[in-house]
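start-v1.pdb follows (PDB, C-alpha atoms):
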ATOM      1  CA  MET A   1       0.000   0.000   0.000
ATOM      2  CA  THR A   2       1.257   3.468  -0.842
ATOM      3  CA  ASP A   3       0.612   6.769   0.842
ATOM      4  CA  THR A   4      -0.979   9.685  -0.931
ATOM      5  CA  HIS A   5       0.937  12.947  -0.652
ATOM      6  CA  THR A   6      -0.487  16.300  -1.667
ATOM      7  CA  GLY A   7       0.984  19.691  -2.341
ATOM      8  CA  GLY A   8       0.854  22.780  -4.483
ATOM      9  CA  CYS A   9       1.611  26.441  -4.778
ATOM     10  CA  GLN A  10       1.072  29.150  -2.162
ATOM     11  CA  CYS A  11      -2.196  30.451  -3.629
ATOM     12  CA  GLY A  12      -3.744  27.043  -4.417
ATOM     13  CA  ALA A  13      -4.138  27.598  -8.171
ATOM     14  CA  VAL A  14      -1.914  24.569  -8.884
ATOM     15  CA  ARG A  15      -2.328  21.442  -6.754
ATOM     16  CA  TYR A  16      -0.956  17.938  -7.100
ATOM     17  CA  SER A  17      -1.234  14.544  -5.470
ATOM     18  CA  ILE A  18       1.261  11.689  -5.504
ATOM     19  CA  GLY A  19      -0.122   8.193  -5.039
ATOM     20  CA  ASP A  20       3.277   6.627  -4.521
ATOM     21  CA  THR A  21       6.013   6.343  -1.908
ATOM     22  CA  LEU A  22       8.246   9.401  -1.935
ATOM     23  CA  PRO A  23      11.874   8.821  -2.918
ATOM     24  CA  PRO A  24      14.580  10.324  -0.673
ATOM     25  CA  ALA A  25      15.197  14.065  -0.859
ATOM     26  CA  TYR A  26      18.478  15.821  -1.487
ATOM     27  CA  ALA A  27      19.625  19.414  -0.989
ATOM     28  CA  CYS A  28      21.464  21.599  -3.455
ATOM     29  CA  HIS A  29      23.510  24.560  -2.234
ATOM     30  CA  CYS A  30      24.428  26.063  -5.632
ATOM     31  CA  GLY A  31      23.794  29.715  -6.385
ATOM     32  CA  GLU A  32      20.914  28.989  -8.765
ATOM     33  CA  CYS A  33      19.061  26.884  -6.176
ATOM     34  CA  LYS A  34      19.593  29.521  -3.490
ATOM     35  CA  LYS A  35      18.136  32.144  -5.815
ATOM     36  CA  GLN A  36      15.101  30.081  -6.926
ATOM     37  CA  SER A  37      14.245  29.115  -3.337
ATOM     38  CA  ALA A  38      15.144  32.516  -1.846
ATOM     39  CA  SER A  39      16.863  30.552   0.917
ATOM     40  CA  ALA A  40      20.158  28.890   1.898
ATOM     41  CA  PHE A  41      19.511  25.819  -0.300
ATOM     42  CA  SER A  42      16.810  23.983  -2.205
ATOM     43  CA  MET A  43      15.460  20.518  -1.394
ATOM     44  CA  SER A  44      14.204  18.267  -4.179
ATOM     45  CA  ILE A  45      12.766  14.794  -4.631
ATOM     46  CA  PRO A  46      13.514  13.044  -7.931
ATOM     47  CA  MET A  47      10.576  11.140  -9.454
ATOM     48  CA  THR A  48       8.741  10.556 -12.689
ATOM     49  CA  TYR A  49       6.092  13.070 -13.658
ATOM     50  CA  ASP A  50       3.518  10.340 -14.285
ATOM     51  CA  VAL A  51       3.116   9.704 -10.521
ATOM     52  CA  LEU A  52       1.628  13.207 -10.119
ATOM     53  CA  THR A  53      -2.005  14.100 -10.627
ATOM     54  CA  VAL A  54      -2.013  17.850 -11.288
ATOM     55  CA  THR A  55      -4.921  20.289 -11.145
ATOM     56  CA  GLY A  56      -4.406  23.783 -12.478
ATOM     57  CA  SER A  57      -2.037  24.845 -15.219
ATOM     58  CA  PRO A  58       1.568  25.477 -14.219
ATOM     59  CA  GLU A  59       3.637  27.844 -16.324
ATOM     60  CA  VAL A  60       7.147  26.977 -17.491
ATOM     61  CA  PHE A  61      10.315  28.855 -18.334
ATOM     62  CA  GLU A  62      13.669  27.558 -19.539
ATOM     63  CA  THR A  63      17.098  28.077 -18.053
ATOM     64  CA  THR A  64      20.465  26.513 -18.775
ATOM     65  CA  ALA A  65      21.704  24.243 -15.990
ATOM     66  CA  HIS A  66      25.338  24.136 -14.826
ATOM     67  CA  SER A  67      25.740  21.050 -17.055
ATOM     68  CA  GLY A  68      24.820  23.148 -20.106
ATOM     69  CA  LYS A  69      21.545  21.265 -20.566
ATOM     70  CA  GLN A  70      18.175  23.003 -20.801
ATOM     71  CA  LYS A  71      16.104  22.932 -17.627
ATOM     72  CA  HIS A  72      12.349  23.504 -17.650
ATOM     73  CA  ASN A  73      11.170  25.245 -14.481
ATOM     74  CA  TYR A  74       7.476  24.761 -13.652
ATOM     75  CA  PHE A  75       5.757  27.317 -11.437
ATOM     76  CA  CYS A  76       2.376  28.824 -10.595
ATOM     77  CA  GLY A  77       1.613  31.710 -12.950
ATOM     78  CA  ASP A  78      -0.487  33.418 -10.260
ATOM     79  CA  CYS A  79       1.782  33.364  -7.179
ATOM     80  CA  GLY A  80       5.152  32.353  -8.683
ATOM     81  CA  THR A  81       5.799  29.296  -6.500
ATOM     82  CA  ARG A  82       8.414  27.007  -8.102
ATOM     83  CA  LEU A  83       6.913  23.488  -8.177
ATOM     84  CA  TRP A  84       9.267  21.164 -10.065
ATOM     85  CA  HIS A  85      12.037  21.066 -12.663
ATOM     86  CA  SER A  86      12.474  18.769 -15.633
ATOM     87  CA  GLY A  87      14.948  18.247 -18.435
ATOM     88  CA  SER A  88      12.042  18.044 -20.874
ATOM     89  CA  ASN A  89       8.815  19.790 -21.807
ATOM     90  CA  PRO A  90       6.400  18.125 -21.420
ATOM     91  CA  PRO A  91       7.998  16.806 -18.230
ATOM     92  CA  THR A  92       9.038  13.184 -17.770
ATOM     93  CA  ALA A  93      11.625  12.856 -15.001
ATOM     94  CA  ILE A  94      11.231  15.731 -12.514
ATOM     95  CA  THR A  95      12.672  17.063  -9.303
ATOM     96  CA  LEU A  96       9.774  18.078  -7.090
ATOM     97  CA  LYS A  97      10.404  20.983  -4.707
ATOM     98  CA  VAL A  98      10.006  19.586  -1.156
ATOM     99  CA  GLY A  99       8.624  22.856   0.221
ATOM    100  CA  THR A 100       5.552  22.536  -1.994
ATOM    101  CA  LEU A 101       4.388  19.368  -0.190
ATOM    102  CA  ASP A 102       1.613  19.893   2.346
ATOM    103  CA  GLY A 103       3.433  17.628   4.806
ATOM    104  CA  SER A 104       7.177  18.129   4.437
ATOM    105  CA  ALA A 105       8.247  18.759   8.047
ATOM    106  CA  ASP A 106       9.894  15.357   8.544
ATOM    107  CA  ILE A 107      11.646  15.123   5.182
ATOM    108  CA  ALA A 108      15.402  15.413   5.666
ATOM    109  CA  PRO A 109      17.910  15.362   2.818
ATOM    110  CA  VAL A 110      20.014  12.207   2.507
ATOM    111  CA  GLY A 111      22.526  13.928   0.218
ATOM    112  CA  HIS A 112      23.930  17.362  -0.579
ATOM    113  CA  LEU A 113      25.246  18.881  -3.814
ATOM    114  CA  TRP A 114      27.447  21.957  -4.201
ATOM    115  CA  VAL A 115      28.579  21.937  -0.570
ATOM    116  CA  SER A 116      31.418  24.267  -1.671
ATOM    117  CA  LYS A 117      28.732  26.974  -2.086
ATOM    118  CA  LYS A 118      26.991  26.229   1.249
ATOM    119  CA  GLN A 119      25.673  29.237   3.150
ATOM    120  CA  ALA A 120      27.700  30.164   6.251
ATOM    121  CA  GLY A 121      26.161  28.891   9.481
ATOM    122  CA  ILE A 122      24.470  25.846   7.893
ATOM    123  CA  THR A 123      25.627  22.582   9.485
ATOM    124  CA  LEU A 124      25.215  19.347   7.540
ATOM    125  CA  ASP A 125      24.654  15.901   8.989
ATOM    126  CA  PRO A 126      27.994  14.095   8.500
ATOM    127  CA  GLN A 127      26.075  10.862   7.779
ATOM    128  CA  THR A 128      24.701  12.308   4.518
ATOM    129  CA  ASP A 129      26.336  11.849   1.103
ATOM    130  CA  GLN A 130      28.051  15.151   0.272
ATOM    131  CA  HIS A 131      29.686  16.505  -2.881
ATOM    132  CA  GLN A 132      31.714  19.706  -3.131
ATOM    133  CA  THR A 133      30.215  20.269  -6.595
ATOM    134  CA  GLN A 134      28.137  17.511  -8.159
ATOM    135  CA  PRO A 135      28.749  13.984  -9.405
ATOM    136  CA  ASP A 136      29.452  13.534 -13.124
ATOM    137  CA  ASP A 137      26.194  11.580 -13.423
ATOM    138  CA  VAL A 138      23.634  13.320 -11.185
ATOM    139  CA  SER A 139      20.840  10.943 -12.256
ATOM    140  CA  ALA A 140      22.869   7.909 -11.160
ATOM    141  CA  TRP A 141      23.648   9.657  -7.844
ATOM    142  CA  ARG A 142      19.960  10.375  -7.253
ATOM    143  CA  ASN A 143      19.140   6.724  -7.973
ATOM    144  CA  LYS A 144      21.855   5.575  -5.555
ATOM    145  CA  LEU A 145      20.294   7.693  -2.782
ATOM    146  CA  GLY A 146      17.064   5.736  -3.151
ATOM    147  CA  GLN A 147      18.698   2.359  -2.494
TER     148      GLN A 147
END
What do you get writing this file as structure tokens?
Amino acid sequence: MTDTHTGGCQCGAVRYSIGDTLPPAYACHCGECKKQSASAFSMSIPMTYDVLTVTGSPEVFETTAHSGKQKHNYFCGDCGTRLWHSGSNPPTAITLKVGTLDGSADIAPVGHLWVSKKQAGITLDPQTDQHQTQPDDVSAWRNKLGQ
């Protein structure tokens, strides 16, 4: 049996539900993630888009990731909340933004990327998998976290 998780944007115009077990979360401390989250880091959960049931119509804009690949950033067009990222449009594999879940208080990251850019004063659990930048194959790293 799987749990159902729900979430969405700040204003409620875009909502989603996930009828599947959530994979482990990771945190990214790069400058782009700090900017998009307006915080010290961003937490994401990698998953396939097909596990989400979405109501509302998220907007999308493209950026170029550190890898040089295009990244599609999905957000609420009304309130601006960033919801998930994908390497494709329409989305297939996504990284869901943990803060958009209705119940995210007990989700802790099991890994950290771009620790070299970590905000001063943030202490990381030494038991987590940490990378000064990012692994050559981020997808493989994300999959390894789930094992």
- For the atom pair atom CA of A:Gly56 and atom CA of A:Arg82, what is the interatomic distance in Å to one decimal place? 13.9 Å
- Task: Can you turn the PyMOL selection byres ((chain A and resi 120-127) around 10) into a concrete residue list for this file, as a ChimeraX atom specification?
- Result: /A:40-41,108-112,115,117-119,128-130
- What gap, in Å, lies between atom CA of A:Pro23 and atom CA of A:Val60?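 These atoms are spaced 23.8 Å apart.
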- Item | From A:Gly87, A:Gly68, A:Gly7, A:Gly31, residue lying nearest A:Val54 [all atoms listed in the file] | A:Gly7
- Task: State, in Å with one decimal place, the distance from atom CA of A:Gln10 to atom CA of A:Cys30.
- Result: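 That distance, rounded to one decimal, is 23.8 Å.
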Box dimensions and centre (Å, one decimal) enclosing stretch 86-93 of chain A, axis-aligned, 5 Å extra per side, as JSON:
{"center_x": 10.7, "center_y": 16.3, "center_z": -18.4, "size_x": 18.5, "size_y": 16.9, "size_z": 16.8}
- Message: What's around A:Gly103 at 12 Å? Count all atoms listed in the file, leave out sequence neighbours fewer than 5 positions away in its own chain, and write the answer as a list in words.
- Response: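 In the requested format, the answer is Asp3, Thr4, His5, Thr6, Gly7, Gly8, Ser17, Leu22 and Val98 of chain A.
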- Query: Applied to this file, what does the PyMOL selection byres ((chain A and resi 12) around 10) return in terms of residues, put as a list in words?
  - Reply: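 On this input, the PyMOL selection byres ((chain A and resi 12) around 10) captures Gly7, Gly8, Cys9, Gln10, Cys11, Ala13, Val14, Arg15, Tyr16, Thr55, Gly56, Cys76, Asp78 and Cys79 of chain A.
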- Near-A:Phe75 list (7 Å; only C-alpha atoms; drop same-chain fewer than 2 positions) as a PyMOL selection string: chain A and resi 58-60+73+77+80-83
Let's have the selection written as a CSV table (one decimal), in the frame of the given file, with C-alpha atoms.
chain,number,residue,atom,x,y,z
A,58,PRO,CA,1.6,25.5,-14.2
A,59,GLU,CA,3.6,27.8,-16.3
A,60,VAL,CA,7.1,27.0,-17.5
A,73,ASN,CA,11.2,25.2,-14.5
A,77,GLY,CA,1.6,31.7,-13.0
A,80,GLY,CA,5.2,32.4,-8.7
A,81,THR,CA,5.8,29.3,-6.5
A,82,ARG,CA,8.4,27.0,-8.1
A,83,LEU,CA,6.9,23.5,-8.2
- Residue IDs satisfying the PyMOL selection byres ((chain A and resi 51) around 9), as a PyMOL selection string: chain A and resi 17-20+47-50+52-53
- Item | A:Gln70 environment, 12 Å, all atoms listed in the file, sequence neighbours closer than 2 positions dropped, as number ranges by chain | A: 61-68, 72-73, 85-89
- Message: If we count all atoms listed in the file and set the cut-off at 12 Å, which residues sit around A:Val138, ignoring sequence neighbours fewer than 2 positions away in its own chain? Please answer as JSON, numbers by chain.
- Response: {"A": [26, 28, 46, 66, 67, 95, 111, 112, 113, 114, 131, 133, 134, 135, 136, 140, 141, 142, 143, 144, 145]}
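The closest residue to A:Ser42, picked from A:Ala105, A:Gln132, A:Asp137, A:Trp84 and counting only C-alpha atoms, is A:Trp84.
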Any chance you could build stretch 123-134 of chain A out to all heavy atoms and write it as a CSV table (one decimal), keeping the file's coordinate frame?
chain,number,residue,atom,x,y,z
A,123,THR,N,24.9,23.8,9.1
A,123,THR,CA,25.6,22.6,9.5
A,123,THR,C,25.0,21.4,8.8
A,123,THR,O,23.7,21.2,8.9
A,123,THR,CB,25.6,22.4,11.0
A,123,THR,OG1,26.2,23.6,11.6
A,123,THR,CG2,26.4,21.2,11.4
A,124,LEU,N,25.7,20.5,8.2
A,124,LEU,CA,25.2,19.3,7.5
A,124,LEU,C,25.5,18.1,8.4
A,124,LEU,O,26.5,18.0,9.0
A,124,LEU,CB,25.9,19.2,6.2
A,124,LEU,CG,25.8,20.4,5.2
A,124,LEU,CD1,26.5,20.0,3.9
A,124,LEU,CD2,24.4,20.8,5.0
A,125,ASP,N,24.5,17.2,8.3
A,125,ASP,CA,24.7,15.9,9.0
A,125,ASP,C,25.8,15.1,8.3
A,125,ASP,O,25.8,14.9,7.1
A,125,ASP,CB,23.3,15.1,8.8
A,125,ASP,CG,23.4,13.8,9.5
A,125,ASP,OD1,24.5,13.3,9.9
A,125,ASP,OD2,22.3,13.2,9.6
A,126,PRO,N,26.8,14.8,9.1
A,126,PRO,CA,28.0,14.1,8.5
A,126,PRO,C,27.7,12.7,7.9
A,126,PRO,O,28.4,12.1,7.2
A,126,PRO,CB,29.0,14.0,9.6
A,126,PRO,CG,28.2,14.2,10.9
A,126,PRO,CD,27.0,15.0,10.5
A,127,GLN,N,26.5,12.2,8.3
A,127,GLN,CA,26.1,10.9,7.8
A,127,GLN,C,25.5,10.9,6.4
A,127,GLN,O,25.3,9.9,5.7
A,127,GLN,CB,25.0,10.2,8.7
A,127,GLN,CG,25.5,10.0,10.1
A,127,GLN,CD,26.7,9.1,10.2
A,127,GLN,OE1,26.7,8.0,9.6
A,127,GLN,NE2,27.8,9.5,10.8
A,128,THR,N,25.3,12.2,5.9
A,128,THR,CA,24.7,12.3,4.5
A,128,THR,C,25.8,12.2,3.5
A,128,THR,O,27.0,12.5,3.7
A,128,THR,CB,23.9,13.6,4.4
A,128,THR,OG1,24.8,14.7,4.6
A,128,THR,CG2,22.8,13.7,5.3
A,129,ASP,N,25.4,11.9,2.2
A,129,ASP,CA,26.3,11.8,1.1
A,129,ASP,C,26.5,13.3,0.6
A,129,ASP,O,25.6,14.0,0.3
A,129,ASP,CB,25.7,11.0,0.0
A,129,ASP,CG,26.7,10.6,-1.1
A,129,ASP,OD1,27.9,10.6,-0.8
A,129,ASP,OD2,26.2,10.5,-2.2
A,130,GLN,N,27.8,13.8,0.6
A,130,GLN,CA,28.1,15.2,0.3
A,130,GLN,C,29.1,15.3,-0.9
A,130,GLN,O,30.0,14.5,-0.9
A,130,GLN,CB,28.6,15.9,1.5
A,130,GLN,CG,27.6,15.9,2.7
A,130,GLN,CD,28.1,16.5,3.9
A,130,GLN,OE1,29.1,17.3,3.9
A,130,GLN,NE2,27.5,16.2,5.0
A,131,HIS,N,28.8,16.2,-1.8
A,131,HIS,CA,29.7,16.5,-2.9
A,131,HIS,C,30.0,18.0,-2.9
A,131,HIS,O,29.1,18.8,-2.8
A,131,HIS,CB,29.0,16.1,-4.2
A,131,HIS,CG,28.8,14.6,-4.3
A,131,HIS,ND1,29.8,13.8,-4.9
A,131,HIS,CD2,27.8,13.8,-3.9
A,131,HIS,CE1,29.3,12.6,-4.8
A,131,HIS,NE2,28.2,12.5,-4.2
A,132,GLN,N,31.3,18.3,-3.1
A,132,GLN,CA,31.7,19.7,-3.1
A,132,GLN,C,31.1,20.4,-4.3
A,132,GLN,O,30.8,21.6,-4.2
A,132,GLN,CB,33.2,19.8,-3.2
A,132,GLN,CG,33.9,19.4,-1.9
A,132,GLN,CD,33.5,20.3,-0.7
A,132,GLN,OE1,33.6,21.5,-0.8
A,132,GLN,NE2,32.9,19.7,0.3
A,133,THR,N,30.9,19.7,-5.4
A,133,THR,CA,30.2,20.3,-6.6
A,133,THR,C,29.0,19.3,-6.9
A,133,THR,O,28.1,19.4,-6.2
A,133,THR,CB,31.2,20.4,-7.8
A,133,THR,OG1,31.7,19.2,-8.1
A,133,THR,CG2,32.2,21.4,-7.5
A,134,GLN,N,29.2,18.5,-7.9
A,134,GLN,CA,28.1,17.5,-8.2
A,134,GLN,C,28.8,16.3,-8.9
A,134,GLN,O,29.8,16.5,-9.5
A,134,GLN,CB,27.0,18.1,-9.0
A,134,GLN,CG,27.3,18.4,-10.4
A,134,GLN,CD,26.1,19.1,-11.1
A,134,GLN,OE1,25.4,19.8,-10.5
A,134,GLN,NE2,26.0,18.8,-12.4
